[in-house]
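Engineer: Contents of entry-v2.txt (compact mmCIF, C-alpha atoms and all ligand atoms) are below:
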```txt
# COMPACT_ATOMS: atom_id res chain seq x y z
CA MET A 16 48.78 128.26 -13.43
CA ARG A 17 46.43 127.49 -10.56
CA ARG A 18 47.69 124.99 -7.91
CA ALA A 19 45.95 122.70 -5.44
CA ASP A 20 46.78 119.61 -3.38
CA VAL A 21 43.83 117.67 -4.79
CA VAL A 22 41.71 118.34 -7.86
CA VAL A 23 38.33 116.61 -8.05
CA VAL A 24 36.90 116.20 -11.56
CA GLY A 25 33.10 116.30 -11.36
CA GLY A 26 30.53 117.87 -9.04
CA GLY A 27 28.09 114.99 -8.50
CA PRO A 28 27.55 113.25 -5.14
CA ALA A 29 30.86 111.38 -5.35
CA GLY A 30 32.81 114.48 -6.36
CA TRP A 31 31.52 116.71 -3.57
CA ALA A 32 31.66 113.94 -0.96
CA ILE A 33 35.37 113.33 -1.62
CA ALA A 34 36.13 117.05 -1.98
CA ASP A 35 34.55 117.76 1.39
CA ALA A 36 36.36 114.82 3.02
CA CYS A 37 39.76 115.82 1.57
CA GLY A 38 39.19 119.40 2.77
CA ARG A 39 38.43 118.11 6.26
CA ALA A 40 41.63 116.05 6.10
CA GLY A 41 43.53 119.34 5.69
CA LEU A 42 44.17 119.19 1.94
CA GLY A 43 43.64 122.14 -0.43
CA VAL A 44 40.91 121.05 -2.87
CA VAL A 45 39.54 122.41 -6.14
CA VAL A 46 36.45 120.83 -7.73
CA ILE A 47 36.18 121.28 -11.50
CA ALA A 48 32.68 120.77 -12.89
CA PRO A 49 30.60 122.32 -15.66
CA GLY A 50 28.27 124.75 -13.88
CA GLY A 51 30.44 124.88 -10.75
CA LYS A 52 28.29 124.61 -7.63
CA ARG A 53 25.06 123.26 -9.07
CA VAL A 54 22.50 121.42 -6.92
CA TRP A 55 22.05 117.84 -8.18
CA ALA A 56 18.84 117.38 -10.14
CA ALA A 57 18.27 113.63 -9.66
CA THR A 58 16.24 112.08 -6.84
CA PHE A 59 18.78 110.15 -4.77
CA GLY A 60 17.63 107.46 -2.36
CA VAL A 61 19.95 105.84 0.22
CA TRP A 62 19.54 103.48 3.17
CA ALA A 63 19.26 105.53 6.37
CA ASP A 64 21.81 103.32 8.14
CA GLN A 65 24.41 104.20 5.46
CA LEU A 66 23.85 107.94 5.58
CA PRO A 67 26.21 110.08 7.68
CA GLY A 68 23.95 111.93 10.16
CA ARG A 69 24.81 115.43 8.93
CA PHE A 70 23.09 114.88 5.56
CA PRO A 71 19.34 115.60 5.66
CA GLY A 72 16.61 113.96 3.64
CA PHE A 73 13.03 112.74 3.66
CA ALA A 74 12.70 109.38 5.39
CA SER A 75 10.17 106.62 4.72
CA ALA A 76 9.80 104.37 7.75
CA ARG A 77 7.82 101.57 6.05
CA VAL A 78 9.71 100.29 3.03
CA LEU A 79 8.24 97.62 0.80
CA GLY A 80 9.87 95.24 -1.65
CA ASN A 81 7.29 93.42 -3.74
CA GLY A 82 4.73 93.90 -0.97
CA ARG A 83 7.01 92.69 1.83
CA GLU A 84 8.04 95.05 4.62
CA LEU A 85 11.83 95.32 4.70
CA GLY A 86 12.25 96.82 8.17
CA ARG A 87 14.95 99.22 6.98
CA GLU A 88 14.54 102.99 6.76
CA TYR A 89 15.07 104.65 3.38
CA VAL A 90 15.90 108.32 2.82
CA VAL A 91 15.52 110.53 -0.24
CA LEU A 92 18.26 113.14 0.00
CA ASP A 93 17.36 116.81 0.31
CA ASN A 94 19.81 117.71 -2.46
CA ALA A 95 19.86 121.45 -1.76
CA ALA A 96 20.62 120.90 1.93
CA VAL A 97 23.20 118.15 1.29
CA CYS A 98 24.97 120.30 -1.30
CA ALA A 99 24.95 123.29 1.07
CA GLU A 100 26.53 121.11 3.77
CA LEU A 101 29.24 119.88 1.38
CA TRP A 102 29.88 123.32 -0.11
CA ALA A 103 30.32 124.87 3.36
CA GLY A 104 33.77 123.27 3.63
CA PRO A 105 37.02 124.75 2.31
CA ALA A 106 36.90 123.07 -1.15
CA GLU A 107 36.66 125.59 -4.00
CA ALA A 108 34.68 125.12 -7.22
CA LEU A 109 35.72 126.01 -10.77
CA ASP A 110 33.01 126.24 -13.43
CA ASP A 111 34.92 124.52 -16.22
CA GLU A 112 35.51 121.11 -17.75
CA VAL A 113 38.60 118.98 -17.85
CA VAL A 114 39.72 118.06 -21.33
CA GLU A 115 43.04 116.39 -20.60
CA ALA A 116 45.26 115.28 -17.73
CA ARG A 117 49.01 114.79 -17.79
CA PHE A 118 50.36 112.69 -14.97
CA GLY A 119 53.94 112.62 -13.71
CA ARG A 120 55.86 111.62 -10.60
CA ARG A 121 55.19 114.99 -8.97
CA GLY A 122 51.47 115.02 -9.67
CA ALA A 123 49.34 116.13 -12.60
CA THR A 124 48.49 119.06 -14.82
CA LEU A 125 44.91 119.39 -15.98
CA LEU A 126 43.97 121.25 -19.13
CA LEU A 127 40.54 122.85 -18.95
CA GLY A 128 37.99 123.70 -21.63
CA SER A 129 38.50 127.43 -21.00
CA GLY A 130 42.21 127.07 -21.76
CA ARG A 131 43.21 127.38 -18.08
CA ARG A 132 45.57 124.88 -16.44
CA VAL A 133 45.54 123.52 -12.91
CA ALA A 134 48.47 121.69 -11.30
CA CYS A 135 47.98 119.34 -8.36
CA ALA A 136 49.45 116.35 -6.55
CA VAL A 137 46.41 114.05 -6.74
CA VAL A 138 43.49 113.96 -9.18
CA VAL A 139 40.24 112.31 -8.11
CA ASP A 140 38.14 111.34 -11.11
CA ALA A 141 34.50 111.65 -10.08
CA SER A 142 33.23 112.39 -13.60
CA GLY A 143 30.73 109.50 -13.60
CA PRO A 144 30.55 107.08 -16.54
CA ARG A 145 32.52 109.51 -18.73
CA ARG A 146 35.66 108.75 -16.65
CA VAL A 147 37.34 111.74 -18.29
CA VAL A 148 40.82 111.22 -16.79
CA SER A 149 40.64 107.45 -16.22
CA GLY A 150 40.50 105.96 -19.69
CA GLY A 151 37.20 107.37 -20.93
CA PRO A 152 33.79 105.69 -21.14
CA PRO A 153 33.91 101.91 -21.42
CA ARG A 154 33.37 100.66 -24.96
CA GLY A 155 30.40 98.73 -26.28
CA VAL A 156 26.70 98.80 -25.52
CA ARG A 157 26.30 98.91 -21.74
CA VAL A 158 23.70 97.37 -19.49
CA GLU A 159 21.59 100.31 -18.39
CA GLN A 160 19.04 101.13 -15.75
CA THR A 161 16.37 103.44 -17.14
CA ALA A 162 13.27 104.96 -15.60
CA TYR A 163 10.57 107.52 -16.26
CA GLY A 164 8.95 109.16 -13.27
CA VAL A 165 6.54 111.89 -12.26
CA VAL A 166 6.41 113.89 -9.04
CA VAL A 167 2.79 114.35 -7.92
CA PRO A 168 1.07 115.64 -4.78
CA SER A 169 0.85 112.83 -2.20
CA ALA A 170 -2.96 112.99 -2.33
CA ALA A 171 -2.87 112.15 -6.06
CA ALA A 172 -0.92 108.96 -5.31
CA ASP A 173 -3.49 107.64 -2.81
CA GLY A 174 -4.22 104.03 -3.60
CA ILE A 175 -0.75 103.54 -5.10
CA VAL A 176 1.52 104.34 -2.18
CA ARG A 177 0.48 105.25 1.35
CA SER A 178 1.88 108.43 2.86
CA GLY A 179 5.10 107.58 4.74
CA ASP A 180 5.64 104.37 2.76
CA ALA A 181 8.25 103.71 0.08
CA ILE A 182 7.80 101.03 -2.57
CA LEU A 183 11.29 100.08 -3.65
CA MET A 184 10.06 97.53 -6.13
CA GLY A 185 6.50 96.69 -7.10
CA TRP A 186 6.79 93.81 -9.55
CA ASP A 187 3.12 93.45 -10.47
CA ARG A 188 3.75 94.34 -14.16
CA PRO A 189 7.04 92.83 -15.31
CA PRO A 190 9.44 93.41 -16.99
CA THR A 191 9.45 96.88 -15.36
CA PHE A 192 8.61 97.76 -11.76
CA LEU A 193 7.17 100.65 -9.78
CA TYR A 194 9.46 102.73 -7.56
CA ALA A 195 7.34 105.04 -5.41
CA VAL A 196 8.87 107.23 -2.69
CA GLY A 197 7.97 110.32 -0.75
CA VAL A 198 10.30 113.16 -1.75
CA SER A 199 8.86 115.65 0.78
CA SER A 200 5.96 115.74 3.24
CA ASP A 201 3.45 116.42 0.45
CA ARG A 202 5.00 115.02 -2.76
CA VAL A 203 5.77 111.57 -4.08
CA LEU A 204 7.80 110.30 -7.01
CA LEU A 205 6.18 107.51 -9.05
CA GLU A 206 8.71 105.94 -11.36
CA GLU A 207 8.40 103.11 -13.90
CA THR A 208 11.82 101.45 -13.80
CA SER A 209 13.71 98.96 -15.88
CA LEU A 210 16.31 97.52 -13.52
CA ALA A 211 18.78 96.40 -16.17
CA ALA A 212 18.66 95.90 -19.93
CA ARG A 213 21.18 96.12 -22.77
CA PRO A 214 20.57 98.64 -24.21
CA GLY A 215 18.26 100.28 -21.67
CA VAL A 216 14.49 100.38 -22.21
CA GLY A 217 13.44 103.67 -23.86
CA TRP A 218 11.70 106.47 -21.94
CA ASP A 219 8.73 106.42 -24.33
CA VAL A 220 8.04 102.77 -23.41
CA LEU A 221 8.44 103.46 -19.69
CA ARG A 222 6.24 106.55 -19.88
CA ARG A 223 3.48 104.56 -21.60
CA ARG A 224 3.72 101.80 -19.02
CA LEU A 225 3.56 104.32 -16.16
CA HIS A 226 0.45 105.95 -17.60
CA GLN A 227 -1.18 102.53 -18.05
CA ARG A 228 -0.36 101.69 -14.44
CA LEU A 229 -1.81 104.98 -13.20
CA GLU A 230 -4.76 104.61 -15.58
CA ASN A 231 -4.26 108.17 -16.80
CA GLU A 232 -1.65 110.78 -17.54
CA PRO A 233 -1.04 112.50 -14.21
CA ALA A 234 -0.65 116.25 -13.80
CA ALA A 235 3.03 116.09 -12.93
CA LEU A 236 4.78 118.72 -10.81
CA ALA A 237 8.07 117.47 -12.25
CA VAL A 238 9.33 114.70 -14.52
CA GLU A 239 12.44 112.59 -13.94
CA ARG A 240 14.21 110.61 -16.65
CA VAL A 241 16.85 108.14 -15.53
CA ARG A 242 19.53 106.45 -17.65
CA PHE A 243 22.90 105.20 -16.46
CA PRO A 244 25.11 102.15 -16.99
CA VAL A 245 25.21 99.54 -14.22
CA ASP A 246 27.96 97.30 -15.56
CA LEU A 247 30.95 99.62 -15.24
CA PRO A 248 34.07 97.68 -14.29
CA ALA A 249 35.89 98.33 -11.03
CA THR A 250 39.06 100.39 -11.45
CA PRO A 251 41.70 97.92 -12.68
CA LEU A 252 44.50 96.99 -10.28
CA TRP A 253 47.10 98.27 -12.74
CA HIS A 254 45.47 101.71 -13.06
CA ARG A 255 47.95 104.59 -12.57
CA GLY A 256 47.40 108.32 -12.30
CA SER A 257 43.98 109.36 -11.02
CA VAL A 258 41.92 108.07 -8.10
CA PRO A 259 38.57 107.14 -9.70
CA PHE A 260 35.67 107.55 -7.25
CA GLY A 261 31.91 107.03 -7.45
CA ALA A 262 30.42 105.87 -10.76
CA ALA A 263 33.79 106.61 -12.45
CA ALA A 264 35.33 103.90 -10.26
CA GLY A 265 32.60 101.38 -11.06
CA MET A 266 31.06 101.85 -7.60
CA VAL A 267 27.50 101.56 -8.97
CA HIS A 268 25.97 98.33 -7.60
CA PRO A 269 25.53 96.23 -10.76
CA ALA A 270 22.32 94.59 -9.61
CA THR A 271 20.58 97.60 -8.02
CA GLY A 272 22.13 100.75 -9.55
CA TYR A 273 22.91 102.35 -6.17
CA SER A 274 26.17 104.19 -5.46
CA VAL A 275 25.36 107.44 -3.66
CA GLY A 276 25.16 105.97 -0.13
CA ASP A 277 28.50 104.22 -0.64
CA ALA A 278 30.11 107.39 -1.99
CA LEU A 279 28.97 109.47 1.00
CA ALA A 280 30.03 106.79 3.48
CA LEU A 281 33.37 105.91 1.87
CA ALA A 282 34.64 109.42 1.08
CA PRO A 283 36.24 110.08 4.53
CA VAL A 284 38.00 106.68 4.41
CA VAL A 285 39.50 107.43 0.99
CA ALA A 286 40.46 111.00 1.98
CA ASP A 287 42.21 109.72 5.12
CA ALA A 288 44.11 107.13 3.07
CA ILE A 289 45.28 109.86 0.68
CA GLY A 290 46.21 112.13 3.62
CA ASP A 291 48.12 109.38 5.48
CA ALA A 292 50.18 108.54 2.38
CA TRP A 293 50.77 112.22 1.53
CA PRO A 294 54.34 112.37 2.99
CA ARG A 295 55.35 109.56 0.60
CA GLY A 296 54.53 111.66 -2.49
CA PRO A 297 51.74 112.05 -5.07
CA VAL A 298 52.08 108.62 -6.68
CA ALA A 299 51.88 106.84 -3.31
CA ALA A 300 48.98 109.04 -2.15
CA ALA A 301 46.97 108.26 -5.29
CA ALA A 302 47.73 104.54 -4.97
CA ALA A 303 46.57 104.62 -1.33
CA GLY A 304 43.33 106.32 -2.42
CA ARG A 305 42.64 103.67 -5.06
CA ALA A 306 43.38 100.88 -2.58
CA ALA A 307 40.89 102.41 -0.12
CA VAL A 308 38.16 102.50 -2.81
CA TRP A 309 38.77 98.93 -3.95
CA SER A 310 39.91 96.63 -1.19
CA ALA A 311 40.37 92.97 -2.15
CA ARG A 312 37.06 92.14 -0.45
CA ALA A 313 35.20 94.91 -2.30
CA ARG A 314 36.53 93.53 -5.61
CA VAL A 315 35.25 90.04 -4.78
CA VAL A 316 31.83 91.43 -3.84
CA HIS A 317 31.73 93.47 -7.06
CA ALA A 318 32.45 90.32 -9.10
CA MET A 319 29.63 88.47 -7.30
CA ARG A 320 27.23 91.35 -7.91
CA LEU A 321 28.16 91.32 -11.62
CA HIS A 322 27.25 87.64 -11.63
CA GLY A 323 23.93 88.61 -10.03
CA LEU A 324 23.40 91.09 -12.88
CA ARG A 325 24.12 88.41 -15.49
CA ALA A 326 21.58 86.16 -13.79
CA LEU A 327 18.95 88.91 -13.87
CA LEU A 328 19.48 89.47 -17.58
CA THR A 329 18.89 85.82 -18.43
CA LEU A 330 15.65 85.45 -16.46
CA PRO A 331 12.46 85.56 -18.54
CA PRO A 332 10.44 88.70 -17.60
CA ASP A 333 7.55 86.68 -16.16
CA ARG A 334 9.96 85.02 -13.66
CA LEU A 335 11.24 88.34 -12.25
CA PRO A 336 8.47 88.76 -9.64
CA GLU A 337 9.11 85.25 -8.29
CA PHE A 338 12.87 85.83 -8.21
CA PHE A 339 12.54 89.11 -6.31
CA ASP A 340 9.97 87.62 -3.99
CA ALA A 341 12.59 85.03 -3.01
CA PHE A 342 15.09 87.85 -2.48
CA PHE A 343 12.80 90.01 -0.35
CA ALA A 344 11.84 86.97 1.74
CA LEU A 345 15.48 86.53 2.86
CA PRO A 346 16.38 87.24 6.49
CA PRO A 347 17.08 90.99 6.92
CA ASP A 348 20.83 90.56 7.49
CA LEU A 349 21.29 88.68 4.20
CA ARG A 350 19.17 91.19 2.30
CA LYS A 351 21.17 94.04 3.77
CA ALA A 352 24.46 92.31 2.93
CA TYR A 353 23.50 91.92 -0.72
CA LEU A 354 22.08 95.42 -1.11
CA SER A 355 24.80 97.41 0.62
CA GLY A 356 27.51 95.19 2.14
CA ARG A 357 30.22 96.50 -0.15
CA GLU A 358 32.93 94.42 1.52
CA ASP A 359 30.72 91.67 2.93
CA VAL A 360 31.87 88.63 0.95
CA ALA A 361 30.23 86.04 3.23
CA GLY A 362 26.93 87.93 3.44
CA THR A 363 26.74 88.50 -0.33
CA ALA A 364 27.52 84.85 -1.05
CA GLY A 365 25.03 83.78 1.63
CA ALA A 366 22.25 85.91 0.11
CA MET A 367 22.90 84.58 -3.39
CA ALA A 368 23.00 80.98 -2.18
CA ALA A 369 19.79 81.41 -0.18
CA VAL A 370 17.91 82.85 -3.18
CA PHE A 371 19.21 79.97 -5.28
CA ARG A 372 17.99 77.40 -2.73
CA THR A 373 14.51 78.85 -2.51
CA THR A 374 13.73 79.26 -6.22
CA ARG A 375 12.37 76.62 -8.58
CA TRP A 376 14.66 74.45 -10.70
CA GLU A 377 13.69 76.29 -13.85
CA ILE A 378 15.04 79.53 -12.41
CA ARG A 379 18.05 77.83 -10.83
CA ARG A 380 19.10 76.47 -14.22
CA LYS A 381 19.03 80.00 -15.66
CA LEU A 382 21.01 81.33 -12.71
CA VAL A 383 23.72 78.69 -13.10
CA LEU A 384 24.01 79.07 -16.87
CA SER A 385 23.78 82.85 -16.88
CA ARG A 386 26.12 84.58 -19.28
CA TYR A 387 25.95 87.95 -21.05
C1 LIG A 401 18.17 110.32 -12.49
C2 LIG A 401 19.04 109.36 -11.72
C3 LIG A 401 18.59 108.87 -10.48
C4 LIG A 401 19.40 108.02 -9.73
N1 LIG A 401 18.96 107.59 -8.51
C5 LIG A 401 19.82 106.95 -7.68
C6 LIG A 401 19.45 106.68 -6.32
O1 LIG A 401 18.30 106.93 -5.92
N2 LIG A 401 20.37 106.13 -5.50
C7 LIG A 401 21.63 105.82 -5.94
O2 LIG A 401 22.46 105.36 -5.14
N3 LIG A 401 21.97 106.00 -7.23
C8 LIG A 401 21.11 106.56 -8.11
N4 LIG A 401 21.48 106.80 -9.41
C9 LIG A 401 22.70 106.18 -9.96
C10 LIG A 401 24.05 106.82 -9.59
O3 LIG A 401 24.31 106.63 -8.24
C11 LIG A 401 24.11 108.27 -9.98
O4 LIG A 401 24.34 108.27 -11.38
C12 LIG A 401 25.10 109.20 -9.28
O5 LIG A 401 24.86 110.50 -9.75
C13 LIG A 401 26.56 108.86 -9.49
O6 LIG A 401 27.31 109.85 -8.81
P1 LIG A 401 28.74 110.35 -9.29
O7 LIG A 401 29.04 111.57 -8.49
O8 LIG A 401 29.68 109.22 -9.26
O9 LIG A 401 28.57 110.75 -10.83
P2 LIG A 401 27.66 111.86 -11.49
O10 LIG A 401 26.55 112.25 -10.60
O11 LIG A 401 27.34 111.36 -12.85
O12 LIG A 401 28.59 113.14 -11.59
C14 LIG A 401 29.55 113.28 -12.60
C15 LIG A 401 30.00 114.73 -12.62
O13 LIG A 401 31.09 114.86 -13.53
C16 LIG A 401 30.90 116.04 -14.26
N5 LIG A 401 31.70 115.96 -15.48
C17 LIG A 401 31.48 115.22 -16.60
N6 LIG A 401 32.43 115.47 -17.50
C18 LIG A 401 33.28 116.35 -16.95
C19 LIG A 401 34.48 116.99 -17.40
N7 LIG A 401 35.00 116.77 -18.62
N8 LIG A 401 35.12 117.86 -16.57
C20 LIG A 401 34.62 118.10 -15.33
N9 LIG A 401 33.48 117.52 -14.86
C21 LIG A 401 32.84 116.67 -15.66
C22 LIG A 401 29.39 116.10 -14.48
O14 LIG A 401 28.99 117.38 -14.85
C23 LIG A 401 28.94 115.72 -13.07
O15 LIG A 401 28.97 116.84 -12.23
C24 LIG A 401 20.67 107.60 -10.23
C25 LIG A 401 21.08 108.06 -11.48
C26 LIG A 401 20.29 108.90 -12.22
C27 LIG A 401 20.76 109.35 -13.59
```
Let's see the structure in the file written out as structure tokens.
Structural biologist:
Amino acid sequence: MRRADVVVVGGGPAGWAIADACGRAGLGVVVIAPGGKRVWAATFGVWADQLPGRFPGFASARVLGNGRELGREYVVLDNAAVCAELWAGPAEALDDEVVEARFGRRGATLLLGSGRRVACAVVVDASGPRRVVSGGPPRGVRVEQTAYGVVVPSAAADGIVRSGDAILMGWDRPPTFLYAVGVSSDRVLLEETSLAARPGVGWDVLRRRLHQRLENEPAALAVERVRFPVDLPATPLWHRGSVPFGAAAGMVHPATGYSVGDALALAPVVADAIGDAWPRGPVAAAAAGRAAVWSARARVVHAMRLHGLRALLTLPPDRLPEFFDAFFALPPDLRKAYLSGREDVAGTAGAMAAVFRTTRWEIRRKLVLSRY
């Protein structure tokens, strides 16, 4: 049987961020993921001020939300370079999948698809929405973000997005919006996005809407299809066993779909919490890890963001541009608090209250009565 201090289930951004951080904290780490070390395929955007400096990407200096300049730099990760940076640490990778975990007072034993077993003190579940060792996928039809995008040469996107600009949300054709970002010096991603719907809007619909927007079917260098749930609950307080992290922990922002910036920024904090509690045994170390992921303030913010999601779902599609216009018109500190202030209770509440104050009564009524 193979042994490690920490086993990380999953090789996405959350998995490798926490594996790298635990390795730096002096723990012996094994990452178990189908495919082993495989560069992430998705286009991941994060706020530059959230991104630890050692992770490279392509930055857009002028970022627009519904035509308004947000004054905050946005970076599309260079996945190959970020993965290389994370893989350079001491964490090992196993190309396998976890089928079962047995937890005890001295740690856990993981059973793998190949028939192998791995024993460890702490298991971090970074398996995304599948949550393979944390109770499995949540039941019921989820609220999903979906998108269909094409990567084209920057020159082909002239007239849609200027070189060096990023359009986070272009709400000129609700109920979906345009997300347009530079992914390298000569390529842009143009993506028709449905922010949140239950179930998610189909790719065929989004593809048709994108082609209508572009007035033709572009010669794409690559195609991206996005689908993931945004309403995953935060790890319950009574959870025992694993340390869920990333999407598996419900870290996806319910009203925006972002989690990668938080995972990269939070990983060292969680790893240090696990390391500090290590002398008190596996159960205490895992509990310390969970507490670092979900502080009381982060739980309150998550609940407020879920309310924001409910509000979004009740708004009629033709009111979405007006609603987001009110949001993007907020002072920068309030906007930032709502978008990425994971523990900023006052800022999140302030942003929501300010949007409420500035919208018309018809929208306010929907926001107050929102339920889903
Ligand atoms: C196409 C796309 C684009 C997105 N763009 C952004 C963005 O720009 N910015 C942003 O912040 N968020 C974005 N998101 C949303 C979200 O942040 C991502 O889903 C992100 O990948 C979540 O990271 P994660 O590491 O928690 O989970 P995942 O990336 O889903 O990783 C889960 C890992 O677990 C592995 N796994 C699954 N089952 C098992 C098993 N049984 N045993 C072992 N391993 C297993 C998978 O193979 C995978 O490696 C996007 C999502 C998608 C799908």
Engineer: Name the residues in contact with A:Pro269 at a cut-off of 7 Å, using only C-alpha atoms, excluding same-chain residues fewer than 3 positions from it; report them as a PyMOL selection string.
Structural biologist: chain A and resi 245-246+272+320-321+324
Engineer: Ranking A:Arg350, A:Gly130, A:Glu207, A:Ala136 by minimum distance to A:Leu42 and counting all atoms listed in the file, which one comes first?
Structural biologist: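 Ranked by minimum distance to A:Leu42, first place goes to A:Ala136.
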Engineer: As a ChimeraX atom specification, please: every protein or nucleic acid residue near ligand LIG 401 (chain A) (cut-off 7 Å, counting all atoms listed in the file).
Structural biologist: /A:24-30,47-49,57-61,111-114,141-145,147,239-243,260-263,267,272-276
Engineer: Any chance you can output those residues with C-alpha atoms as a PDB file, in the frame of the given file?
Structural biologist:
```
ATOM      1  CA  VAL A  24      36.900 116.200 -11.560  1.00  0.00           C
ATOM      2  CA  GLY A  25      33.100 116.300 -11.360  1.00  0.00           C
ATOM      3  CA  GLY A  26      30.530 117.870  -9.040  1.00  0.00           C
ATOM      4  CA  GLY A  27      28.090 114.990  -8.500  1.00  0.00           C
ATOM      5  CA  PRO A  28      27.550 113.250  -5.140  1.00  0.00           C
ATOM      6  CA  ALA A  29      30.860 111.380  -5.350  1.00  0.00           C
ATOM      7  CA  GLY A  30      32.810 114.480  -6.360  1.00  0.00           C
ATOM      8  CA  ILE A  47      36.180 121.280 -11.500  1.00  0.00           C
ATOM      9  CA  ALA A  48      32.680 120.770 -12.890  1.00  0.00           C
ATOM     10  CA  PRO A  49      30.600 122.320 -15.660  1.00  0.00           C
ATOM     11  CA  ALA A  57      18.270 113.630  -9.660  1.00  0.00           C
ATOM     12  CA  THR A  58      16.240 112.080  -6.840  1.00  0.00           C
ATOM     13  CA  PHE A  59      18.780 110.150  -4.770  1.00  0.00           C
ATOM     14  CA  GLY A  60      17.630 107.460  -2.360  1.00  0.00           C
ATOM     15  CA  VAL A  61      19.950 105.840   0.220  1.00  0.00           C
ATOM     16  CA  ASP A 111      34.920 124.520 -16.220  1.00  0.00           C
ATOM     17  CA  GLU A 112      35.510 121.110 -17.750  1.00  0.00           C
ATOM     18  CA  VAL A 113      38.600 118.980 -17.850  1.00  0.00           C
ATOM     19  CA  VAL A 114      39.720 118.060 -21.330  1.00  0.00           C
ATOM     20  CA  ALA A 141      34.500 111.650 -10.080  1.00  0.00           C
ATOM     21  CA  SER A 142      33.230 112.390 -13.600  1.00  0.00           C
ATOM     22  CA  GLY A 143      30.730 109.500 -13.600  1.00  0.00           C
ATOM     23  CA  PRO A 144      30.550 107.080 -16.540  1.00  0.00           C
ATOM     24  CA  ARG A 145      32.520 109.510 -18.730  1.00  0.00           C
ATOM     25  CA  VAL A 147      37.340 111.740 -18.290  1.00  0.00           C
ATOM     26  CA  GLU A 239      12.440 112.590 -13.940  1.00  0.00           C
ATOM     27  CA  ARG A 240      14.210 110.610 -16.650  1.00  0.00           C
ATOM     28  CA  VAL A 241      16.850 108.140 -15.530  1.00  0.00           C
ATOM     29  CA  ARG A 242      19.530 106.450 -17.650  1.00  0.00           C
ATOM     30  CA  PHE A 243      22.900 105.200 -16.460  1.00  0.00           C
ATOM     31  CA  PHE A 260      35.670 107.550  -7.250  1.00  0.00           C
ATOM     32  CA  GLY A 261      31.910 107.030  -7.450  1.00  0.00           C
ATOM     33  CA  ALA A 262      30.420 105.870 -10.760  1.00  0.00           C
ATOM     34  CA  ALA A 263      33.790 106.610 -12.450  1.00  0.00           C
ATOM     35  CA  VAL A 267      27.500 101.560  -8.970  1.00  0.00           C
ATOM     36  CA  GLY A 272      22.130 100.750  -9.550  1.00  0.00           C
ATOM     37  CA  TYR A 273      22.910 102.350  -6.170  1.00  0.00           C
ATOM     38  CA  SER A 274      26.170 104.190  -5.460  1.00  0.00           C
ATOM     39  CA  VAL A 275      25.360 107.440  -3.660  1.00  0.00           C
ATOM     40  CA  GLY A 276      25.160 105.970  -0.130  1.00  0.00           C
TER      41      GLY A 276
END
```
Engineer: Atom CA of A:Ser149 and atom CA of A:Val23 are how many Å apart?
Structural biologist: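 About the pair atom CA of A:Ser149 and atom CA of A:Val23: they are 12.5 Å apart.
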Engineer: Where's the centre, and what are the edge lengths in Å to one decimal, of a box along x, y and z enclosing all listed atoms of stretch 167-178 of chain A padded 8 Å per side, as JSON?
Structural biologist:
```
{"center_x": -0.7, "center_y": 109.6, "center_z": -2.5, "size_x": 23.0, "size_y": 28.1, "size_z": 26.8}
```
Engineer: From the list A:Leu92, A:Leu205, A:Leu281, A:Ala303, which residue is nearest A:Gly72 when using all atoms listed in the file?
Structural biologist: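 For A:Gly72, the nearest of the candidates is A:Leu92.
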Engineer: Could you please determine the separation between atom CA of A:Val360 and atom CA of A:Arg255 in Å, to one decimal place?
Structural biologist: 26.4 Å
Engineer: Hey, what's within 8 Å of A:Val285 if we count all atoms listed in the file and toss same-chain stuff fewer than 2 positions away? As an mmCIF file with C-alpha atoms, keeping the file's coordinate frame, please?
Structural biologist:
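Dumped everything to around-v1.cif:
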```cif
data_model
loop_
_atom_site.group_PDB
_atom_site.id
_atom_site.type_symbol
_atom_site.label_atom_id
_atom_site.label_comp_id
_atom_site.auth_asym_id
_atom_site.auth_seq_id
_atom_site.Cartn_x
_atom_site.Cartn_y
_atom_site.Cartn_z
ATOM 1 C CA ILE A 33 35.370 113.330 -1.620
ATOM 2 C CA LEU A 281 33.370 105.910 1.870
ATOM 3 C CA ALA A 282 34.640 109.420 1.080
ATOM 4 C CA PRO A 283 36.240 110.080 4.530
ATOM 5 C CA ASP A 287 42.210 109.720 5.120
ATOM 6 C CA ALA A 288 44.110 107.130 3.070
ATOM 7 C CA ILE A 289 45.280 109.860 0.680
ATOM 8 C CA ALA A 303 46.570 104.620 -1.330
ATOM 9 C CA GLY A 304 43.330 106.320 -2.420
ATOM 10 C CA ARG A 305 42.640 103.670 -5.060
ATOM 11 C CA ALA A 307 40.890 102.410 -0.120
ATOM 12 C CA VAL A 308 38.160 102.500 -2.810
#
```
Engineer: Within 6 Å of (9.0, 98.0, -0.7) (coordinates as in the file), grab all the protein and nucleic acid residues, counting only C-alpha atoms, and write them out as an mmCIF file with C-alpha atoms, in the frame of the given file.
Structural biologist:
```
data_model
loop_
_atom_site.group_PDB
_atom_site.id
_atom_site.type_symbol
_atom_site.label_atom_id
_atom_site.label_comp_id
_atom_site.auth_asym_id
_atom_site.auth_seq_id
_atom_site.Cartn_x
_atom_site.Cartn_y
_atom_site.Cartn_z
ATOM 1 C CA VAL A 78 9.710 100.290 3.030
ATOM 2 C CA LEU A 79 8.240 97.620 0.800
ATOM 3 C CA GLY A 80 9.870 95.240 -1.650
ATOM 4 C CA ASN A 81 7.290 93.420 -3.740
ATOM 5 C CA GLY A 82 4.730 93.900 -0.970
ATOM 6 C CA ALA A 181 8.250 103.710 0.080
ATOM 7 C CA ILE A 182 7.800 101.030 -2.570
ATOM 8 C CA LEU A 183 11.290 100.080 -3.650
ATOM 9 C CA MET A 184 10.060 97.530 -6.130
#
```
